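> What follows is the file input_17.pdb, containing PDB, C-alpha atoms (C1' of nucleotides):
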ATOM      1  CA  MET R  29      -8.257  -8.332 -25.549
ATOM      2  CA  ILE R  30      -4.914  -6.603 -25.479
ATOM      3  CA  SER R  31      -1.581  -8.294 -24.794
ATOM      4  CA  VAL R  32       1.630  -6.539 -23.872
ATOM      5  CA  ALA R  33       5.170  -7.875 -23.463
ATOM      6  CA  LYS R  34       6.488  -8.223 -19.916
ATOM      7  CA  GLU R  35       9.192  -5.602 -19.920
ATOM      8  CA  ASN R  36       9.679  -4.522 -16.317
ATOM      9  CA  PHE R  37       6.040  -5.412 -15.762
ATOM     10  CA  SER R  38       4.635  -8.058 -13.453
ATOM     11  CA  ILE R  39       1.053  -8.107 -12.203
ATOM     12  CA  ARG R  40       2.054 -10.575  -9.515
ATOM     13  CA  GLN R  41       4.741  -8.254  -8.172
ATOM     14  CA  ILE R  42       2.494  -5.188  -8.350
ATOM     15  CA  CYS R  43      -0.237  -7.148  -6.560
ATOM     16  CA  ASP R  44       2.128  -7.886  -3.668
ATOM     17  CA  SER R  45       3.846  -4.479  -3.608
ATOM     18  CA  GLY R  46       1.518  -2.938  -1.019
ATOM     19  CA  GLN R  47       0.465   0.028  -3.146
ATOM     20  CA  CYS R  48      -2.917  -1.342  -4.249
ATOM     21  CA  PHE R  49      -5.523  -3.271  -2.311
ATOM     22  CA  ARG R  50      -8.163  -4.217  -4.877
ATOM     23  CA  LEU R  51      -5.974  -6.184  -7.276
ATOM     24  CA  ARG R  52      -5.876  -9.836  -6.437
ATOM     25  CA  LYS R  53      -5.445 -13.306  -7.774
ATOM     26  CA  LEU R  54      -8.669 -14.950  -8.872
ATOM     27  CA  ASN R  55      -9.836 -18.383  -7.737
ATOM     28  CA  GLN R  56      -8.532 -17.686  -4.282
ATOM     29  CA  PRO R  57     -10.332 -17.227  -0.981
ATOM     30  CA  ALA R  58     -11.472 -13.655  -0.418
ATOM     31  CA  HIS R  59      -9.033 -11.395   1.448
ATOM     32  CA  GLU R  60      -6.083 -13.688   0.817
ATOM     33  CA  THR R  61      -2.964 -11.550   0.981
ATOM     34  CA  GLY R  62      -1.893 -10.637  -2.523
ATOM     35  CA  SER R  63      -0.955 -13.338  -4.972
ATOM     36  CA  ILE R  64       0.543 -15.953  -2.696
ATOM     37  CA  LYS R  65      -1.230 -18.354  -0.403
ATOM     38  CA  LYS R  66       0.740 -18.834   2.781
ATOM     39  CA  GLU R  67       0.873 -22.591   2.481
ATOM     40  CA  GLU R  68       2.068 -22.436  -1.135
ATOM     41  CA  GLY R  69       5.313 -20.704  -0.319
ATOM     42  CA  ARG R  70       7.084 -18.843  -3.069
ATOM     43  CA  TRP R  71       5.337 -18.088  -6.333
ATOM     44  CA  LYS R  72       6.693 -19.847  -9.410
ATOM     45  CA  GLU R  73       6.792 -18.508 -12.963
ATOM     46  CA  PRO R  74       4.155 -20.297 -15.064
ATOM     47  CA  LYS R  75       5.947 -22.460 -17.642
ATOM     48  CA  GLU R  76       3.141 -23.012 -20.143
ATOM     49  CA  ALA R  77       0.596 -20.651 -21.579
ATOM     50  CA  ALA R  78      -2.029 -22.852 -19.943
ATOM     51  CA  GLU R  79      -0.563 -21.992 -16.558
ATOM     52  CA  ALA R  80      -1.545 -18.347 -16.859
ATOM     53  CA  GLU R  81      -2.184 -16.635 -13.530
ATOM     54  CA  ARG R  82      -5.515 -14.812 -13.470
ATOM     55  CA  TYR R  83      -6.051 -11.564 -11.603
ATOM     56  CA  GLY R  84      -9.033  -9.304 -11.006
ATOM     57  CA  LEU R  85      -8.685  -5.550 -10.600
ATOM     58  CA  THR R  86     -11.406  -3.206  -9.396
ATOM     59  CA  ALA R  87     -10.632   0.442 -10.130
ATOM     60  CA  PHE R  88     -12.324   3.536 -11.521
ATOM     61  CA  GLY R  89     -15.723   1.868 -11.270
ATOM     62  CA  ARG R  90     -14.644  -1.006 -13.499
ATOM     63  CA  PHE R  91     -13.651  -4.622 -13.103
ATOM     64  CA  LEU R  92     -10.748  -5.803 -15.246
ATOM     65  CA  GLU R  93      -9.573  -9.365 -15.665
ATOM     66  CA  ILE R  94      -5.861  -9.780 -16.335
ATOM     67  CA  GLU R  95      -3.870 -12.875 -17.270
ATOM     68  CA  GLU R  96      -0.159 -13.141 -16.652
ATOM     69  CA  ARG R  97       1.951 -15.610 -18.613
ATOM     70  CA  GLN R  98       5.689 -16.118 -18.807
ATOM     71  CA  ASN R  99       6.294 -13.472 -21.447
ATOM     72  CA  GLU R 100       3.107 -11.460 -21.746
ATOM     73  CA  ILE R 101       0.223  -9.923 -19.901
ATOM     74  CA  THR R 102      -3.290  -9.970 -21.340
ATOM     75  CA  PHE R 103      -5.960  -7.414 -20.461
ATOM     76  CA  HIS R 104      -9.526  -8.583 -21.004
ATOM     77  CA  CYS R 105     -10.930  -5.352 -22.387
ATOM     78  CA  GLU R 106     -11.361  -3.413 -25.608
ATOM     79  CA  GLU R 107      -8.422  -1.535 -27.043
ATOM     80  CA  GLU R 108     -10.125   1.791 -26.402
ATOM     81  CA  GLU R 109     -10.542   1.075 -22.679
ATOM     82  CA  PHE R 110      -6.948  -0.117 -22.455
ATOM     83  CA  GLU R 111      -5.625   3.031 -24.129
ATOM     84  CA  GLN R 112      -7.812   5.403 -22.149
ATOM     85  CA  ILE R 113      -7.567   3.847 -18.697
ATOM     86  CA  TRP R 114      -5.220   0.945 -18.074
ATOM     87  CA  LYS R 115      -2.197   2.068 -20.056
ATOM     88  CA  GLY R 116      -1.948   5.114 -17.828
ATOM     89  CA  TYR R 117      -3.009   3.230 -14.701
ATOM     90  CA  PHE R 118      -0.075   0.817 -15.052
ATOM     91  CA  ASP R 119       2.276   3.622 -16.156
ATOM     92  CA  LEU R 120       3.118   1.695 -19.326
ATOM     93  CA  GLU R 121       4.605   4.684 -21.098
ATOM     94  CA  GLU R 122       7.424   4.958 -18.578
ATOM     95  CA  ASP R 123      10.662   3.066 -19.255
ATOM     96  CA  TYR R 124      11.509   1.408 -15.926
ATOM     97  CA  GLY R 125      14.646  -0.142 -17.415
ATOM     98  CA  LYS R 126      15.960   3.376 -17.786
ATOM     99  CA  ILE R 127      15.288   4.085 -14.102
ATOM    100  CA  ILE R 128      17.010   0.873 -13.002
ATOM    101  CA  ALA R 129      19.986   1.798 -15.208
ATOM    102  CA  LEU R 130      20.448   4.976 -13.140
ATOM    103  CA  ILE R 131      21.359   2.961 -10.053
ATOM    104  CA  ASP R 132      24.896   3.430  -8.748
ATOM    105  CA  GLU R 133      26.887   0.369  -9.850
ATOM    106  CA  LYS R 134      28.561   0.334  -6.432
ATOM    107  CA  ASP R 135      25.196   0.109  -4.637
ATOM    108  CA  ASP R 136      24.812  -3.654  -4.393
ATOM    109  CA  TYR R 137      21.766  -3.491  -2.190
ATOM    110  CA  LEU R 138      19.754  -1.235  -4.499
ATOM    111  CA  LEU R 139      20.809  -3.240  -7.566
ATOM    112  CA  ARG R 140      19.597  -6.439  -5.886
ATOM    113  CA  ALA R 141      16.327  -4.829  -4.798
ATOM    114  CA  ALA R 142      15.600  -3.481  -8.301
ATOM    115  CA  ALA R 143      16.501  -6.789  -9.958
ATOM    116  CA  PHE R 144      14.257  -8.650  -7.514
ATOM    117  CA  GLY R 145      11.251  -6.363  -8.062
ATOM    118  CA  SER R 146      11.949  -5.298 -11.641
ATOM    119  CA  GLY R 147       8.288  -5.853 -12.561
ATOM    120  CA  VAL R 148       6.957  -3.400  -9.987
ATOM    121  CA  ARG R 149       5.504  -0.160 -11.353
ATOM    122  CA  ILE R 150       4.061   2.915  -9.696
ATOM    123  CA  LEU R 151       0.329   2.895 -10.432
ATOM    124  CA  ARG R 152      -1.852   5.938 -11.083
ATOM    125  CA  GLN R 153      -4.743   5.174  -8.779
ATOM    126  CA  ASP R 154      -7.842   7.106  -7.796
ATOM    127  CA  LEU R 155      -7.076   9.935  -5.375
ATOM    128  CA  TRP R 156     -10.062   9.547  -3.057
ATOM    129  CA  GLU R 157      -9.639   5.772  -2.868
ATOM    130  CA  MET R 158      -5.945   6.187  -1.964
ATOM    131  CA  ILE R 159      -6.719   8.770   0.728
ATOM    132  CA  VAL R 160      -9.086   6.354   2.463
ATOM    133  CA  SER R 161      -6.903   3.291   1.813
ATOM    134  CA  PHE R 162      -3.755   4.796   3.302
ATOM    135  CA  ILE R 163      -5.600   6.207   6.326
ATOM    136  CA  ILE R 164      -6.707   2.618   6.931
ATOM    137  CA  SER R 165      -3.142   1.365   6.369
ATOM    138  CA  GLN R 166      -1.686   2.986   9.475
ATOM    139  CA  GLN R 167      -0.670   0.495  12.183
ATOM    140  CA  ASN R 168      -2.167  -2.181   9.999
ATOM    141  CA  ASN R 169      -1.189  -5.059   7.713
ATOM    142  CA  ILE R 170      -2.070  -5.667   4.065
ATOM    143  CA  LYS R 171      -4.434  -8.534   4.749
ATOM    144  CA  ARG R 172      -6.525  -6.480   7.149
ATOM    145  CA  ILE R 173      -6.381  -3.387   4.962
ATOM    146  CA  ARG R 174      -7.866  -5.386   2.080
ATOM    147  CA  LYS R 175     -10.565  -6.763   4.354
ATOM    148  CA  CYS R 176     -11.551  -3.317   5.661
ATOM    149  CA  ILE R 177     -11.674  -1.844   2.148
ATOM    150  CA  ASP R 178     -13.742  -4.764   0.825
ATOM    151  CA  TYR R 179     -16.156  -4.272   3.667
ATOM    152  CA  LEU R 180     -16.515  -0.535   2.969
ATOM    153  CA  CYS R 181     -17.062  -1.189  -0.742
ATOM    154  CA  GLU R 182     -19.602  -3.941  -0.235
ATOM    155  CA  ARG R 183     -21.583  -1.891   2.264
ATOM    156  CA  TYR R 184     -21.361   1.608   0.858
ATOM    157  CA  GLY R 185     -20.169   1.273  -2.746
ATOM    158  CA  GLU R 186     -22.401   0.857  -5.788
ATOM    159  CA  LYS R 187     -23.028  -2.764  -6.738
ATOM    160  CA  ARG R 188     -22.184  -3.525 -10.367
ATOM    161  CA  LYS R 189     -21.993  -6.469 -12.737
ATOM    162  CA  THR R 190     -19.705  -7.151 -15.700
ATOM    163  CA  GLN R 191     -21.055  -8.423 -19.044
ATOM    164  CA  SER R 192     -19.902 -11.884 -18.044
ATOM    165  CA  GLY R 193     -21.856 -11.645 -14.792
ATOM    166  CA  ILE R 194     -19.101 -10.970 -12.257
ATOM    167  CA  VAL R 195     -20.451  -8.896  -9.374
ATOM    168  CA  TYR R 196     -18.214  -6.194  -7.954
ATOM    169  CA  TYR R 197     -18.507  -2.996  -5.924
ATOM    170  CA  ASP R 198     -17.353   0.481  -6.760
ATOM    171  CA  PHE R 199     -15.405   2.397  -4.128
ATOM    172  CA  PRO R 200     -17.838   4.451  -2.002
ATOM    173  CA  THR R 201     -17.953   8.160  -2.839
ATOM    174  CA  PRO R 202     -16.932  10.880  -0.322
ATOM    175  CA  LYS R 203     -20.621  11.760   0.046
ATOM    176  CA  ALA R 204     -21.574   8.136   0.705
ATOM    177  CA  LEU R 205     -18.904   7.742   3.416
ATOM    178  CA  SER R 206     -19.643  11.129   4.981
ATOM    179  CA  ASP R 207     -23.205   9.914   5.569
ATOM    180  CA  VAL R 208     -22.081   6.788   7.432
ATOM    181  CA  SER R 209     -22.294   7.025  11.222
ATOM    182  CA  LEU R 210     -19.204   6.535  13.364
ATOM    183  CA  GLU R 211     -20.839   3.495  14.873
ATOM    184  CA  ASP R 212     -21.264   1.882  11.461
ATOM    185  CA  LEU R 213     -17.653   2.668  10.539
ATOM    186  CA  TYR R 214     -16.463   0.973  13.730
ATOM    187  CA  ALA R 215     -18.496  -2.036  12.617
ATOM    188  CA  CYS R 216     -16.198  -2.226   9.571
ATOM    189  CA  ASN R 217     -13.314  -3.004  11.981
ATOM    190  CA  LEU R 218     -11.624   0.295  11.215
ATOM    191  CA  GLY R 219     -10.981   0.924  14.905
ATOM    192  CA  TYR R 220      -9.716   4.395  15.826
ATOM    193  CA  ARG R 221      -9.333   5.129  12.094
ATOM    194  CA  SER R 222     -13.156   5.326  11.901
ATOM    195  CA  ARG R 223     -13.040   8.885  13.198
ATOM    196  CA  TYR R 224     -10.370   9.816  10.647
ATOM    197  CA  ILE R 225     -12.366   8.348   7.753
ATOM    198  CA  HIS R 226     -15.521  10.111   8.872
ATOM    199  CA  GLU R 227     -13.924  13.530   9.266
ATOM    200  CA  THR R 228     -11.936  13.191   6.036
ATOM    201  CA  ALA R 229     -15.069  12.185   4.106
ATOM    202  CA  VAL R 230     -16.879  15.229   5.505
ATOM    203  CA  SER R 231     -13.946  17.544   4.626
ATOM    204  CA  ILE R 232     -13.995  16.378   1.040
ATOM    205  CA  ALA R 233     -17.752  16.004   0.559
ATOM    206  CA  SER R 234     -18.206  19.544   1.883
ATOM    207  CA  GLY R 235     -15.543  20.925  -0.457
ATOM    208  CA  GLN R 236     -13.269  22.042   2.387
ATOM    209  CA  VAL R 237     -10.508  20.078   0.698
ATOM    210  CA  ASP R 238     -10.835  19.950  -3.080
ATOM    211  CA  LEU R 239      -9.705  16.792  -4.906
ATOM    212  CA  LYS R 240      -9.598  18.537  -8.281
ATOM    213  CA  ALA R 241      -7.367  21.287  -6.925
ATOM    214  CA  LEU R 242      -5.144  18.668  -5.247
ATOM    215  CA  ARG R 243      -4.543  16.943  -8.583
ATOM    216  CA  ALA R 244      -3.205  20.187 -10.039
ATOM    217  CA  MET R 245      -0.801  20.882  -7.167
ATOM    218  CA  ALA R 246       2.945  20.346  -7.123
ATOM    219  CA  TYR R 247       4.373  17.832  -4.658
ATOM    220  CA  GLU R 248       5.085  19.963  -1.569
ATOM    221  CA  GLU R 249       1.829  21.879  -1.909
ATOM    222  CA  ALA R 250      -0.214  18.693  -2.387
ATOM    223  CA  LYS R 251       1.455  17.082   0.629
ATOM    224  CA  THR R 252       0.665  20.097   2.842
ATOM    225  CA  GLU R 253      -2.930  20.165   1.605
ATOM    226  CA  LEU R 254      -3.388  16.418   2.202
ATOM    227  CA  MET R 255      -2.102  16.785   5.758
ATOM    228  CA  LYS R 256      -5.033  19.110   6.495
ATOM    229  CA  LEU R 257      -7.149  15.956   6.450
ATOM    230  CA  HIS R 258      -7.709  14.339   9.820
ATOM    231  CA  GLY R 259      -5.704  11.110  10.034
ATOM    232  CA  VAL R 260      -3.249  12.059   7.304
ATOM    233  CA  GLY R 261       0.307  12.614   8.539
ATOM    234  CA  VAL R 262       3.611  12.800   6.676
ATOM    235  CA  LYS R 263       3.877   9.120   5.751
ATOM    236  CA  VAL R 264       0.274   8.706   4.590
ATOM    237  CA  ALA R 265       0.430  11.985   2.611
ATOM    238  CA  GLU R 266       3.569  10.801   0.823
ATOM    239  CA  CYS R 267       1.954   7.468  -0.044
ATOM    240  CA  ILE R 268      -1.035   9.300  -1.524
ATOM    241  CA  CYS R 269       1.269  11.621  -3.502
ATOM    242  CA  LEU R 270       3.157   8.642  -4.883
ATOM    243  CA  PHE R 271       0.377   6.154  -5.617
ATOM    244  CA  ALA R 272      -2.439   8.487  -6.684
ATOM    245  CA  LEU R 273      -0.826  11.711  -7.884
ATOM    246  CA  HIS R 274       2.200   9.922  -9.388
ATOM    247  CA  GLN R 275       4.595  12.318  -7.720
ATOM    248  CA  THR R 276       7.556   9.971  -7.928
ATOM    249  CA  GLN R 277       9.787  12.261  -5.889
ATOM    250  CA  ALA R 278       7.760  11.249  -2.796
ATOM    251  CA  PHE R 279       9.715   8.923  -0.511
ATOM    252  CA  PRO R 280       7.430   7.495   2.180
ATOM    253  CA  VAL R 281       9.365   6.095   5.133
ATOM    254  CA  ASP R 282       7.545   3.423   7.103
ATOM    255  CA  THR R 283       8.999   1.005   9.603
ATOM    256  CA  HIS R 284      10.292  -1.302   6.838
ATOM    257  CA  ILE R 285      12.044   1.468   4.921
ATOM    258  CA  HIS R 286      13.258   2.939   8.204
ATOM    259  CA  LYS R 287      14.886  -0.372   9.100
ATOM    260  CA  VAL R 288      16.543  -0.708   5.674
ATOM    261  CA  LEU R 289      17.796   2.895   5.692
ATOM    262  CA  ALA R 290      19.398   2.396   9.093
ATOM    263  CA  LYS R 291      21.140  -0.783   7.949
ATOM    264  CA  GLN R 292      22.028  -0.086   4.309
ATOM    265  CA  TYR R 293      22.230   3.713   4.225
ATOM    266  CA  PRO R 294      23.565   4.919   7.587
ATOM    267  CA  GLU R 295      24.724   8.104   5.825
ATOM    268  CA  GLY R 296      21.224   8.595   4.368
ATOM    269  CA  PHE R 297      19.652   7.551   1.084
ATOM    270  CA  PRO R 298      21.216   9.454  -1.864
ATOM    271  CA  VAL R 299      18.018  11.298  -2.797
ATOM    272  CA  GLN R 300      19.987  13.967  -4.681
ATOM    273  CA  ARG R 301      21.434  11.414  -7.068
ATOM    274  CA  TYR R 302      18.011   9.951  -7.824
ATOM    275  CA  LYS R 303      15.949  13.125  -7.943
ATOM    276  CA  GLY R 304      12.489  12.511  -9.362
ATOM    277  CA  TYR R 305      12.839   8.741  -9.025
ATOM    278  CA  GLU R 306      13.093   8.412  -5.228
ATOM    279  CA  GLY R 307       9.578   7.000  -4.942
ATOM    280  CA  THR R 308      10.139   4.346  -7.583
ATOM    281  CA  LEU R 309      13.378   3.201  -5.951
ATOM    282  CA  GLN R 310      11.699   3.277  -2.544
ATOM    283  CA  GLN R 311       9.124   0.869  -3.935
ATOM    284  CA  TYR R 312      11.824  -1.585  -5.073
ATOM    285  CA  ILE R 313      13.368  -1.436  -1.593
ATOM    286  CA  PHE R 314      10.003  -1.888   0.094
ATOM    287  CA  TYR R 315       9.002  -4.842  -2.077
ATOM    288  CA  TYR R 316      12.419  -6.482  -1.678
ATOM    289  CA  ASP R 317      12.188  -6.130   2.083
ATOM    290  CA  ILE R 318       8.638  -7.426   2.608
ATOM    291  CA  MET R 319       9.101 -10.308   0.155
ATOM    292  CA  SER R 320      12.477 -11.487   1.405
ATOM    293  CA  VAL R 321      11.520 -11.792   5.054
ATOM    294  CA  SER R 322      10.574 -15.456   4.708
ATOM    295  CA  GLU R 323      13.599 -16.136   2.496
ATOM    296  CA  GLU R 324      15.982 -14.558   4.999
ATOM    297  CA  SER R 325      14.411 -16.602   7.762
ATOM    298  CA  MET R 326      15.189 -19.758   5.810
ATOM    299  CA  LEU R 327      18.769 -18.651   5.162
ATOM    300  CA  ALA R 328      19.227 -17.801   8.817
ATOM    301  CA  TYR R 329      18.273 -21.324   9.775
ATOM    302  CA  SER R 330      21.541 -23.198   9.910
ATOM    303  CA  THR R 331      21.985 -26.924   9.376
ATOM    304  CA  ASN R 332      22.454 -27.730  13.067
ATOM    305  CA  GLY R 333      18.910 -26.516  13.631
ATOM    306  CA  GLU R 334      19.831 -23.385  15.523
ATOM    307  CA  TRP R 335      18.943 -19.856  14.613
ATOM    308  CA  ARG R 336      21.728 -17.495  13.734
ATOM    309  CA  SER R 337      21.225 -13.935  14.864
TER     310      SER R 337
ATOM    311  C1'  DT O  28      -0.753 -13.101  28.286
ATOM    312  C1'  DA O  29       1.415  -9.380  26.301
ATOM    313  C1'  DC O  30       2.926  -7.209  22.511
ATOM    314  C1'  DC O  31       3.147  -5.610  17.878
ATOM    315  C1'  DA O  32       1.709  -4.031  13.032
ATOM    316  C1'  DG O  33       3.368  -0.437   6.587
ATOM    317  C1'  DG O  34       1.040   6.144  12.191
ATOM    318  C1'  DC O  35      -1.564   9.747  13.811
ATOM    319  C1'  DA O  36      -3.252  13.301  16.945
ATOM    320  C1'  DA O  37      -3.320  14.962  21.446
ATOM    321  C1'  DT O  38      -0.803  16.037  25.259
ATOM    322  C1'  DA O  39       3.301  16.749  28.000
ATOM    323  C1'  DA O  40       7.822  18.387  28.618
TER     324       DA O  40
ATOM    325  C1'  DT B  19       9.731  22.544  19.190
ATOM    326  C1'  DT B  20      10.322  17.833  20.286
ATOM    327  C1'  DA B  21       9.061  13.552  22.948
ATOM    328  C1'  DT B  22       5.687  10.511  24.690
ATOM    329  C1'  DT B  23       1.367   8.080  24.840
ATOM    330  C1'  DG B  24      -3.333   6.190  23.697
ATOM    331  C1'  DC B  25      -5.745   4.071  20.146
ATOM    332  C1'  DC B  26      -9.122  -0.497  17.501
ATOM    333  C1'  DT B  27      -8.210  -4.987  16.085
ATOM    334  C1'  DG B  28      -6.266  -9.403  14.696
ATOM    335  C1'  DG B  29      -2.394 -12.231  14.881
ATOM    336  C1'  DT B  30       1.337 -14.596  17.308
TER     337       DT B  30
END
For this file, write the structure as structure tokens.

Amino acid sequence: MISVAKENFSIRQICDSGQCFRLRKLNQPAHETGSIKKEEGRWKEPKEAAEAERYGLTAFGRFLEIEERQNEITFHCEEEEFEQIWKGYFDLEEDYGKIIALIDEKDDYLLRAAAFGSGVRILRQDLWEMIVSFIISQQNNIKRIRKCIDYLCERYGEKRKTQSGIVYYDFPTPKALSDVSLEDLYACNLGYRSRYIHETAVSIASGQVDLKALRAMAYEEAKTELMKLHGVGVKVAECICLFALHQTQAFPVDTHIHKVLAKQYPEGFPVQRYKGYEGTLQQYIFYYDIMSVSEESMLAYSTNGEWRS
DNA sequence: TACCAGGCAATAA
DNA sequence: TTATTGCCTGGT
């Protein structure tokens, strides 16, 4: 087991940040959105060591159990595995405090967003898994995305078992998905995205688009190459660049970010000032926005029982 | 019941 | 080149 201090690092926040779909709280009904049960309301920091929150992560063909306590995070694996895989996966060699310190002291909104989600990090996830995951994400919500991905893994991924007997499924390979009929993909509730997944799997399994070459490409080139895949547009390509290729200059704009930009940055987000860190800051904004929706709703509810606009 | 959700591709203008 | 529209499905 390996424990690390919680410096700008929160599994709970990463779990809810919308960048990964196979990290989730354990002892919770399958497909529950992220770390919080609806009826529980806001998540509270565990006070005692005994109140550790347990998470399960499936990635790179492995299952990792993680415990989060008030001041530390414990990875249930050997040191070698941690050094070789998870240290890089969670981007633990980057100093996020340094990034937050770059924020314009006059930018109250961005300061609040970064303080709120200071434990969020940009993961280095598997490229193929991110391509499929973000094609599924379009016009979709996190809960359903998780469900669709689970379904694909359980049906077409390799079944595996940890030493302690936990059963999990690897993400299906491009070849495995390219062999699945459109009809069977529709049965996974992928809807019109079924066609995109099928054609993308064929493109990659056939070598028409090369994952290895993609990993070596610079941002603009990688984005253009990704958009050759059916079902991958600008937004999805930028998400893949950010969450798989760790190109932190990517700045995906979805409806949430679009809304925030219009309200907080009518003159445009100062991308020049934050060059190379746009994607990280975007993630703070995104997390702040999706997580504060319920909070804002409560604040908007005035004491006389009427809703303020 | 109708509309929308963390877009995209096809088609029209 | 830019604007509009259909698309699967589950939730409200």
> Identify all residues satisfying the PyMOL selection byres ((chain B and resi 28) around 9) in the given file; provide them as a PyMOL selection string.
(chain R and resi 172) or (chain B and resi 27+29)
> Using the chain letters and numbers from the file, which residues does the PyMOL selection byres ((chain O and resi 38) around 9) grab, as a list in words?
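Applied to this file, the PyMOL selection byres ((chain O and resi 38) around 9) selects DA37 and DA39 of chain O; DT22 and DT23 of chain B.
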> Find the residues in chain O near chain R: any atom within 8 Å counts, using only C-alpha atoms (C1' of nucleotides). Write them as a list in words.
DA32, DG33, DG34, DC35 and DA36 of chain O
> First collect every listed atom of stretch 262-265 of chain R; then fit an axis-aligned box around them, widen it by 6 Å on each side, and give centre and edge lengths in Å to one decimal, as JSON.

{"center_x": 2.1, "center_y": 10.8, "center_z": 4.6, "size_x": 15.6, "size_y": 16.1, "size_z": 16.1}
> Skip stretch 229-233 of chain R itself and residues of its chain fewer than 4 positions away, then list as a CSV table (one decimal) with C-alpha atoms, keeping the file's coordinate frame all residues within 12 Å of it, counting only C-alpha atoms (C1' of nucleotides).

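After the write, selection-v9.csv holds the following:
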chain,number,residue,atom,x,y,z
R,155,LEU,CA,-7.1,9.9,-5.4
R,156,TRP,CA,-10.1,9.5,-3.1
R,157,GLU,CA,-9.6,5.8,-2.9
R,159,ILE,CA,-6.7,8.8,0.7
R,160,VAL,CA,-9.1,6.4,2.5
R,163,ILE,CA,-5.6,6.2,6.3
R,200,PRO,CA,-17.8,4.5,-2.0
R,201,THR,CA,-18.0,8.2,-2.8
R,202,PRO,CA,-16.9,10.9,-0.3
R,203,LYS,CA,-20.6,11.8,0.0
R,204,ALA,CA,-21.6,8.1,0.7
R,205,LEU,CA,-18.9,7.7,3.4
R,206,SER,CA,-19.6,11.1,5.0
R,207,ASP,CA,-23.2,9.9,5.6
R,208,VAL,CA,-22.1,6.8,7.4
R,209,SER,CA,-22.3,7.0,11.2
R,210,LEU,CA,-19.2,6.5,13.4
R,213,LEU,CA,-17.7,2.7,10.5
R,222,SER,CA,-13.2,5.3,11.9
R,223,ARG,CA,-13.0,8.9,13.2
R,224,TYR,CA,-10.4,9.8,10.6
R,225,ILE,CA,-12.4,8.3,7.8
R,237,VAL,CA,-10.5,20.1,0.7
R,238,ASP,CA,-10.8,20.0,-3.1
R,239,LEU,CA,-9.7,16.8,-4.9
R,240,LYS,CA,-9.6,18.5,-8.3
R,241,ALA,CA,-7.4,21.3,-6.9
R,242,LEU,CA,-5.1,18.7,-5.2
R,253,GLU,CA,-2.9,20.2,1.6
R,254,LEU,CA,-3.4,16.4,2.2
R,255,MET,CA,-2.1,16.8,5.8
R,256,LYS,CA,-5.0,19.1,6.5
R,257,LEU,CA,-7.1,16.0,6.4
R,258,HIS,CA,-7.7,14.3,9.8
R,259,GLY,CA,-5.7,11.1,10.0
> Name every residue that the PyMOL selection byres ((chain R) within 7 of (chain B)) selects in this structure, writing the answer as a list in words with chains first and numbers rising.
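With the shown file as input, the PyMOL selection byres ((chain R) within 7 of (chain B)) matches Asn217, Leu218, Gly219 and Tyr220 of chain R.
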> Take atom CA of R:Val299 and atom CA of R:Ile39 and report the distance between them in Å, one decimal.
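Atom-to-atom, atom CA of R:Val299 and atom CA of R:Ile39 are spaced 27.4 Å apart.
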> Separation of atom CA of R:Lys303 and atom CA of R:Ser161, in Å?
26.7 Å
> So the first atom is atom CA of R:Ile127 and the second is atom CA of R:Phe110; what is the distance between them in Å, to one decimal place?
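Spanning atom CA of R:Ile127 to atom CA of R:Phe110 is a straight-line distance of 24.1 Å.
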> Nearest residue to R:Ile173 out of R:Ile131, R:Leu138, R:Cys48, R:Leu120, using only C-alpha atoms?
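Nearest candidate to R:Ile173 out of R:Ile131, R:Leu138, R:Cys48, R:Leu120: R:Cys48.
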> Considering only C-alpha atoms, can you say which of R:Ala272, R:Ala246, R:Ile177, R:Val32 comes closest to R:Phe103?
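Nearest to R:Phe103: R:Val32.
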> Compile the contact shell of R:Glu93 as a count of residues only: residues with an atom at most 7 Å away, counting all atoms listed in the file, same-chain residues fewer than 2 positions apart removed.
7
